[in-house]
Every structure is written in structure tokens, then in C-alpha cells.
file data.cif (mmCIF, C-alpha atoms)
data_model
#
loop_
_atom_site.group_PDB
_atom_site.id
_atom_site.type_symbol
_atom_site.label_atom_id
_atom_site.label_comp_id
_atom_site.auth_asym_id
_atom_site.auth_seq_id
_atom_site.Cartn_x
_atom_site.Cartn_y
_atom_site.Cartn_z
ATOM 1 C CA MET A 1 -43.586 -25.095 -27.068
ATOM 2 C CA ALA A 2 -41.363 -27.712 -25.371
ATOM 3 C CA THR A 3 -38.329 -26.409 -27.293
ATOM 4 C CA VAL A 4 -39.044 -22.872 -26.147
ATOM 5 C CA LEU A 5 -39.332 -23.995 -22.508
ATOM 6 C CA VAL A 6 -36.060 -25.929 -22.655
ATOM 7 C CA ALA A 7 -34.230 -22.969 -24.182
ATOM 8 C CA ALA A 8 -35.655 -20.630 -21.569
ATOM 9 C CA SER A 9 -34.567 -22.921 -18.741
ATOM 10 C CA LEU A 10 -31.023 -23.154 -20.121
ATOM 11 C CA ALA A 11 -30.538 -19.386 -20.673
ATOM 12 C CA PRO A 12 -30.049 -18.398 -17.000
ATOM 13 C CA THR A 13 -27.515 -21.200 -16.573
ATOM 14 C CA GLY A 14 -25.468 -19.890 -19.476
ATOM 15 C CA ALA A 15 -25.688 -16.313 -18.209
ATOM 16 C CA ALA A 16 -24.678 -17.414 -14.722
ATOM 17 C CA ALA A 17 -21.679 -19.316 -16.076
ATOM 18 C CA GLU A 18 -20.597 -16.270 -18.062
ATOM 19 C CA GLY A 19 -20.926 -14.083 -14.951
ATOM 20 C CA SER A 20 -18.917 -16.544 -12.862
ATOM 21 C CA GLN A 21 -16.157 -16.589 -15.468
ATOM 22 C CA ALA A 22 -16.037 -12.768 -15.505
ATOM 23 C CA ASN A 23 -15.873 -12.661 -11.683
ATOM 24 C CA TYR A 24 -13.105 -15.259 -11.694
ATOM 25 C CA LEU A 25 -11.058 -13.291 -14.231
ATOM 26 C CA GLN A 26 -11.545 -10.090 -12.228
ATOM 27 C CA ARG A 27 -10.295 -11.820 -9.091
ATOM 28 C CA LEU A 28 -7.275 -13.160 -10.968
ATOM 29 C CA ARG A 29 -6.464 -9.674 -12.232
ATOM 30 C CA LEU A 30 -6.762 -8.152 -8.742
ATOM 31 C CA GLN A 31 -4.666 -10.942 -7.242
ATOM 32 C CA ALA A 32 -1.923 -10.339 -9.808
ATOM 33 C CA GLN A 33 -1.950 -6.573 -9.190
ATOM 34 C CA LEU A 34 -1.784 -7.002 -5.428
ATOM 35 C CA GLN A 35 1.025 -9.548 -5.558
ATOM 36 C CA THR A 36 2.984 -7.405 -8.008
ATOM 37 C CA LEU A 37 2.690 -4.322 -5.803
ATOM 38 C CA ASN A 38 3.677 -6.288 -2.716
ATOM 39 C CA SER A 39 6.693 -7.741 -4.519
ATOM 40 C CA GLU A 40 7.801 -4.309 -5.726
ATOM 41 C CA LEU A 41 7.549 -2.843 -2.236
ATOM 42 C CA LEU A 42 9.567 -5.719 -0.811
ATOM 43 C CA SER A 43 12.298 -5.317 -3.418
ATOM 44 C CA HIS A 44 12.684 -1.520 -3.349
ATOM 45 C CA ASP A 45 14.045 0.754 -0.641
ATOM 46 C CA SER A 46 11.591 3.579 -1.391
ATOM 47 C CA ALA A 47 7.833 2.976 -1.248
ATOM 48 C CA THR A 48 7.356 6.458 -2.698
ATOM 49 C CA ALA A 49 9.323 5.472 -5.794
ATOM 50 C CA VAL A 50 7.118 2.401 -6.254
ATOM 51 C CA LEU A 51 3.954 4.503 -5.980
ATOM 52 C CA GLN A 52 5.382 7.143 -8.303
ATOM 53 C CA ALA A 53 6.057 4.504 -10.946
ATOM 54 C CA LEU A 54 2.485 3.207 -10.545
ATOM 55 C CA CYS A 55 1.142 6.754 -10.863
ATOM 56 C CA ASP A 56 3.248 7.403 -13.977
ATOM 57 C CA ARG A 57 2.039 4.204 -15.645
ATOM 58 C CA ARG A 58 -1.582 5.190 -15.165
ATOM 59 C CA ASP A 59 -1.190 8.814 -16.170
ATOM 60 C CA PRO A 60 2.160 10.058 -17.520
ATOM 61 C CA ALA A 61 0.858 13.619 -17.154
ATOM 62 C CA ALA A 62 0.029 13.203 -13.466
ATOM 63 C CA PRO A 63 1.956 15.386 -11.000
ATOM 64 C CA ARG A 64 4.559 14.037 -8.630
ATOM 65 C CA ILE A 65 3.340 12.100 -5.608
ATOM 66 C CA LEU A 66 2.467 14.494 -2.787
ATOM 67 C CA ALA A 67 2.250 13.800 0.937
ATOM 68 C CA LYS A 68 -0.767 15.538 2.461
ATOM 69 C CA ARG A 69 -0.179 16.054 6.170
ATOM 70 C CA ILE A 70 -2.780 14.791 8.643
ATOM 71 C CA ASP A 71 -2.757 16.120 12.183
ATOM 72 C CA VAL A 72 -2.659 13.409 14.841
ATOM 73 C CA PRO A 73 -2.627 13.658 18.642
ATOM 74 C CA ASP A 74 0.494 12.787 20.559
ATOM 75 C CA ASP A 75 0.767 9.088 21.353
ATOM 76 C CA LEU A 76 3.419 8.496 23.997
ATOM 77 C CA THR A 77 2.997 4.713 23.902
ATOM 78 C CA ALA A 78 3.538 4.558 20.137
ATOM 79 C CA ALA A 79 6.460 6.997 20.366
ATOM 80 C CA ASN A 80 8.181 4.899 23.033
ATOM 81 C CA ALA A 81 7.625 1.732 20.993
ATOM 82 C CA ALA A 82 9.182 3.455 17.980
ATOM 83 C CA ARG A 83 12.088 4.644 20.116
ATOM 84 C CA ARG A 84 12.817 1.073 21.197
ATOM 85 C CA GLN A 85 12.484 -0.222 17.637
ATOM 86 C CA LEU A 86 14.935 2.404 16.411
ATOM 87 C CA GLY A 87 17.404 1.890 19.235
ATOM 88 C CA ALA A 88 17.118 5.507 20.377
ATOM 89 C CA THR A 89 18.084 6.719 23.829
ATOM 90 C CA ALA A 90 15.413 7.611 26.379
ATOM 91 C CA ASN A 91 15.918 11.347 25.878
ATOM 92 C CA GLU A 92 16.234 11.249 22.082
ATOM 93 C CA PRO A 93 13.259 13.028 20.450
ATOM 94 C CA VAL A 94 10.906 11.018 18.235
ATOM 95 C CA HIS A 95 8.674 12.849 15.764
ATOM 96 C CA ARG A 96 5.573 11.499 14.086
ATOM 97 C CA ARG A 97 4.381 12.442 10.626
ATOM 98 C CA ARG A 98 1.118 11.024 9.240
ATOM 99 C CA VAL A 99 0.384 11.628 5.569
ATOM 100 C CA GLU A 100 -1.795 10.594 2.677
ATOM 101 C CA LEU A 101 0.290 9.855 -0.409
ATOM 102 C CA LYS A 102 -1.667 11.127 -3.389
ATOM 103 C CA CYS A 103 -1.444 10.640 -7.148
ATOM 104 C CA GLY A 104 -3.537 13.569 -8.310
ATOM 105 C CA ASP A 105 -6.790 13.240 -6.346
ATOM 106 C CA ALA A 106 -6.351 9.522 -5.615
ATOM 107 C CA VAL A 107 -5.073 8.557 -2.157
ATOM 108 C CA LEU A 108 -2.802 5.565 -2.782
ATOM 109 C CA SER A 109 -1.618 5.042 0.784
ATOM 110 C CA ARG A 110 -1.658 6.433 4.285
ATOM 111 C CA ALA A 111 1.587 6.349 6.194
ATOM 112 C CA ASP A 112 2.654 6.899 9.783
ATOM 113 C CA ASN A 113 6.321 7.815 10.019
ATOM 114 C CA TRP A 114 8.082 7.889 13.387
ATOM 115 C CA TYR A 115 11.544 9.344 12.883
ATOM 116 C CA LEU A 116 14.527 10.582 14.830
ATOM 117 C CA PRO A 117 15.137 14.223 13.862
ATOM 118 C CA GLY A 118 18.594 14.139 15.419
ATOM 119 C CA ARG A 119 19.695 11.641 12.752
ATOM 120 C CA LEU A 120 18.526 13.850 9.869
ATOM 121 C CA THR A 121 19.880 17.112 8.523
ATOM 122 C CA ALA A 122 18.371 20.457 9.482
ATOM 123 C CA GLN A 123 17.001 20.907 5.953
ATOM 124 C CA MET A 124 15.356 17.488 6.036
ATOM 125 C CA ASN A 125 13.618 18.328 9.292
ATOM 126 C CA THR A 126 12.415 21.630 7.879
ATOM 127 C CA ASP A 127 11.044 19.948 4.766
ATOM 128 C CA LEU A 128 9.261 17.252 6.766
ATOM 129 C CA ALA A 129 7.643 19.874 8.978
ATOM 130 C CA SER A 130 6.655 22.394 6.317
ATOM 131 C CA THR A 131 6.250 20.765 2.885
ATOM 132 C CA GLN A 132 4.236 18.062 1.125
ATOM 133 C CA ARG A 133 7.330 16.210 -0.021
ATOM 134 C CA PRO A 134 7.120 12.474 0.728
ATOM 135 C CA PHE A 135 9.359 11.150 3.475
ATOM 136 C CA GLY A 136 11.346 8.946 1.103
ATOM 137 C CA VAL A 137 12.061 11.898 -1.185
ATOM 138 C CA VAL A 138 13.170 14.161 1.663
ATOM 139 C CA VAL A 139 15.592 11.628 3.176
ATOM 140 C CA GLY A 140 16.798 10.330 -0.191
ATOM 141 C CA PRO A 141 20.283 11.917 0.194
ATOM 142 C CA LEU A 142 20.909 9.508 3.085
ATOM 143 C CA ARG A 143 20.911 6.647 0.537
ATOM 144 C CA PHE A 144 18.736 4.760 2.993
ATOM 145 C CA GLN A 145 17.926 1.075 2.998
ATOM 146 C CA ARG A 146 14.524 -0.370 3.808
ATOM 147 C CA ARG A 147 14.166 -3.317 6.172
ATOM 148 C CA THR A 148 10.668 -4.761 6.064
ATOM 149 C CA LEU A 149 9.327 -5.930 9.409
ATOM 150 C CA SER A 150 5.992 -7.250 8.174
ATOM 151 C CA SER A 151 3.892 -7.436 5.038
ATOM 152 C CA ARG A 152 0.186 -8.158 5.507
ATOM 153 C CA LEU A 153 -2.454 -8.633 2.840
ATOM 154 C CA LEU A 154 -5.714 -7.016 3.985
ATOM 155 C CA PHE A 155 -7.568 -8.318 0.937
ATOM 156 C CA GLN A 156 -7.650 -11.801 -0.571
ATOM 157 C CA PRO A 157 -9.218 -11.675 -4.054
ATOM 158 C CA LEU A 158 -8.959 -15.461 -4.300
ATOM 159 C CA PRO A 159 -9.489 -17.930 -1.448
ATOM 160 C CA PRO A 160 -6.916 -20.536 -0.381
ATOM 161 C CA GLY A 161 -6.878 -23.433 -2.813
ATOM 162 C CA TRP A 162 -8.270 -21.341 -5.655
ATOM 163 C CA GLU A 163 -5.854 -22.969 -8.108
ATOM 164 C CA ALA A 164 -7.890 -26.179 -7.992
ATOM 165 C CA ALA A 165 -11.305 -24.517 -7.818
ATOM 166 C CA ASP A 166 -13.807 -24.530 -10.658
ATOM 167 C CA PRO A 167 -13.997 -21.001 -12.178
ATOM 168 C CA ALA A 168 -17.734 -21.570 -12.644
ATOM 169 C CA GLY A 169 -18.147 -21.500 -8.872
ATOM 170 C CA PHE A 170 -17.276 -17.805 -8.465
ATOM 171 C CA ASP A 171 -20.819 -16.482 -8.532
ATOM 172 C CA ALA A 172 -20.495 -13.356 -6.375
ATOM 173 C CA PRO A 173 -18.743 -10.252 -7.713
ATOM 174 C CA VAL A 174 -15.644 -9.326 -5.757
ATOM 175 C CA SER A 175 -15.935 -6.520 -3.210
ATOM 176 C CA VAL A 176 -12.674 -4.632 -2.708
ATOM 177 C CA PRO A 177 -12.192 -3.177 0.814
ATOM 178 C CA ALA A 178 -10.934 0.335 1.442
ATOM 179 C CA ASN A 179 -7.472 -0.952 2.467
ATOM 180 C CA VAL A 180 -5.728 -3.841 0.727
ATOM 181 C CA LEU A 181 -2.153 -4.079 2.023
ATOM 182 C CA GLN A 182 -0.074 -2.989 4.999
ATOM 183 C CA HIS A 183 3.696 -2.830 5.474
ATOM 184 C CA ARG A 184 5.805 -2.083 8.539
ATOM 185 C CA ALA A 185 9.405 -1.187 7.850
ATOM 186 C CA VAL A 186 12.494 0.489 9.254
ATOM 187 C CA LEU A 187 14.661 2.857 7.245
ATOM 188 C CA GLN A 188 18.374 2.833 8.014
ATOM 189 C CA THR A 189 21.548 4.381 6.686
ATOM 190 C CA PRO A 190 23.977 2.171 4.708
ATOM 191 C CA ASP A 191 25.970 1.523 7.900
ATOM 192 C CA GLY A 192 22.850 -0.011 9.497
ATOM 193 C CA ARG A 193 21.839 2.901 11.742
ATOM 194 C CA PRO A 194 18.005 3.131 11.839
ATOM 195 C CA PHE A 195 16.285 6.498 11.783
ATOM 196 C CA ALA A 196 12.618 5.907 10.900
ATOM 197 C CA LEU A 197 9.821 3.434 11.547
ATOM 198 C CA LEU A 198 7.060 3.321 8.917
ATOM 199 C CA VAL A 199 3.568 1.866 8.919
ATOM 200 C CA GLU A 200 2.096 2.086 5.409
ATOM 201 C CA THR A 201 -1.510 1.173 4.607
ATOM 202 C CA TYR A 202 -2.323 0.928 0.903
ATOM 203 C CA SER A 203 -5.801 1.820 -0.304
ATOM 204 C CA ASP A 204 -8.003 0.193 -2.931
ATOM 205 C CA ARG A 205 -6.892 2.935 -5.334
ATOM 206 C CA VAL A 206 -3.637 1.060 -5.972
ATOM 207 C CA LEU A 207 -5.748 -1.550 -7.831
ATOM 208 C CA ILE A 208 -7.647 -1.346 -11.092
ATOM 209 C CA PRO A 209 -10.864 -3.396 -10.703
#
call {"tool": "encode", "arguments": {"input": "data.cif", "output": "C-alpha cells"}}
result
Amino acid sequence: MATVLVAASLAPTGAAAEGSQANYLQRLRLQAQLQTLNSELLSHDSATAVLQALCDRRDPAAPRILAKRIDVPDDLTAANAARRQLGATANEPVHRRRVELKCGDAVLSRADNWYLPGRLTAQMNTDLASTQRPFGVVVGPLRFQRRTLSSRLLFQPLPPGWEAADPAGFDAPVSVPANVLQHRAVLQTPDGRPFALLVETYSDRVLIP
């Protein structure tokens, strides 16, 4: 009887340790995915190209990334801030385009694009106003360069100092928030002339739990 009681008392401890190890490994995997995505965005001029590559890796048969338009009210304060950031004159028009970038049915990111239509071609402006082509695809002929203003992690799978932590201490399963990463960036032509300000918020669908 004593042997049975000892075994029973030890079983939950073993199960808990196994669960903690699984949670720890899941957090490591999510941390690696998030850091890899952030690094790729920082090292590429086109966020759309990075998301397209991610989409292709997950499903080679998936369609091209589409930008689903979302109607937003006029925001004069935000438009003026974008105008200053882009070095536009007071009377230079600033347009805003908010989209969801989708890989099939999965929304990978939501992006606000403030851009100067006067610095784009007529065809580019038509495409931005009437199609689901991503911004980076439409303005690709400009051979633009991306200048990142900020990169902010909205999700921390592992706490500070996790390298020295005991994996057995990760008892709670990780809960991934709806948004995991946000970038602010300016797009400019090769001669350094800016034409668009982007705020990109990446959803939990960029990660594989």
C-alpha cells in the first residue's frame, strides 16, 4: 500500500514537469519565429515580400498576398503628422490607405499607409484606389527603400532573463495576443525622397503555435 501511495504522489509531479517542458519549448519556438520575422522585416525593403515568402512556405498553392481595403474616417491630425514626417508642403495632398494583408483567409497584418499621390505615377494611384494589390507591389517600380522608424514587440513569449531560468518553472501555457509586432517605416526613392509613411501591425497568424 505504501508503494502505491508513493507512486501516486510522484505521478502529478512528473506530469507537471513534462507540461512545463512542453510550455517552455513552445515559448522558445514562438520566440524564434517572432525574432526571425522581425529580422526579415528589418533587412528587407518590402514587408509584402516578406509576408509573401512566409505565405509560400506554409502553403505553396496559396494565392498571392491581397490587400483588403478597410474604410477609415478622415484624420486631419494623423495626415498632418504624416505630411511633416514625409517633408511634404502644406498644400501637398496626403492619402491614407488602410488594408488587411491576407494569405488566403488568414490576416497576417493590418497596415495604415499615408502616401503622397503627387510623388507616384497616375497608374499607381489608380491601382491603390481601385485594386487589392499591396502597396509595396504597386510602388515596386520606384525601386523604393525602406527606412524603419521603430520596431516594437507586442508579445514576449519568454520573460527577461529566461536564458538562466529553469525550464521546469514554466507551468502556464503561453497565451498569444491578437497582435504580436508593430513596425513604423518610411518608404523613399533611391535618391532619398520619401513618399509614404507606414504603420504595420502583425497579427498572431504570422506565428505557428
call {"tool": "atom_distance", "arguments": {"input": "data.cif", "atom1": "atom CA of Arg58 of chain A", "atom2": "atom CA of Asp45 of chain A"}}
result
21.8 Å
call {"tool": "resolve_selection", "arguments": {"input": "data.cif", "expression": "the PyMOL selection byres ((chain A and resi 132-138) around 6)", "output": "PyMOL selection string"}}
result
chain A and resi 46+66-68+124+131+139-140
call {"tool": "residues_around", "arguments": {"input": "data.cif", "residues": "Cys103 of chain A", "least_positions_apart": "5", "cutoff": "10 Å", "atoms": "only C-alpha atoms", "output": "tab-separated table (two decimals) with C-alpha atoms, in the frame of the given file"}}
result
chain	number	residue	atom	x	y	z
A	51	LEU	CA	3.95	4.50	-5.98
A	52	GLN	CA	5.38	7.14	-8.30
A	54	LEU	CA	2.48	3.21	-10.54
A	55	CYS	CA	1.14	6.75	-10.86
A	56	ASP	CA	3.25	7.40	-13.98
A	58	ARG	CA	-1.58	5.19	-15.16
A	59	ASP	CA	-1.19	8.81	-16.17
A	62	ALA	CA	0.03	13.20	-13.47
A	63	PRO	CA	1.96	15.39	-11.00
A	64	ARG	CA	4.56	14.04	-8.63
A	65	ILE	CA	3.34	12.10	-5.61
A	66	LEU	CA	2.47	14.49	-2.79
A	67	ALA	CA	2.25	13.80	0.94
A	108	LEU	CA	-2.80	5.56	-2.78
A	109	SER	CA	-1.62	5.04	0.78
A	205	ARG	CA	-6.89	2.94	-5.33
A	206	VAL	CA	-3.64	1.06	-5.97
call {"tool": "closest_residue", "arguments": {"input": "data.cif", "among": "A:Arg193, A:Arg29, A:Arg69, A:Asn91", "to": "Arg143 of chain A", "atoms": "all atoms listed in the file"}}
result
A:Arg193
call {"tool": "closest_residue", "arguments": {"input": "data.cif", "among": "A:Val94, A:Pro160, A:Val99, A:Asp191", "to": "Pro117 of chain A", "atoms": "all atoms listed in the file"}}
result
A:Val94
call {"tool": "residues_around", "arguments": {"input": "data.cif", "residues": "Gln26 of chain A", "least_positions_apart": "3", "cutoff": "9 Å", "atoms": "all atoms listed in the file", "output": "ChimeraX atom specification"}}
result
/A:21-23,29-31,157,173-174,209
call {"tool": "resolve_selection", "arguments": {"input": "data.cif", "expression": "the PyMOL selection byres ((chain A and resi 82) around 12)", "output": "number ranges by chain"}}
result
A: 75-81, 83-90, 92-96, 112-116, 184-186, 194-199
call {"tool": "atom_distance", "arguments": {"input": "data.cif", "atom1": "atom CA of Tyr202 of chain A", "atom2": "atom CA of Arg110 of chain A"}}
result
6.5 Å
call {"tool": "atom_distance", "arguments": {"input": "data.cif", "atom1": "atom CA of Arg57 of chain A", "atom2": "atom CA of Glu40 of chain A"}}
result
14.3 Å
call {"tool": "resolve_selection", "arguments": {"input": "data.cif", "expression": "the PyMOL selection byres ((chain A and resi 155) around 7)", "output": "JSON, numbers by chain"}}
result
{"A": [153, 154, 156, 157, 177, 180, 181]}
call {"tool": "closest_residue", "arguments": {"input": "data.cif", "among": "A:Gly161, A:Arg98, A:Thr148, A:Ala129", "to": "Ser43 of chain A", "atoms": "all atoms listed in the file"}}
result
A:Thr148
call {"tool": "closest_residue", "arguments": {"input": "data.cif", "among": "A:Ala172, A:Ser203, A:Ala47, A:Ala178", "to": "Tyr24 of chain A", "atoms": "only C-alpha atoms"}}
result
A:Ala172
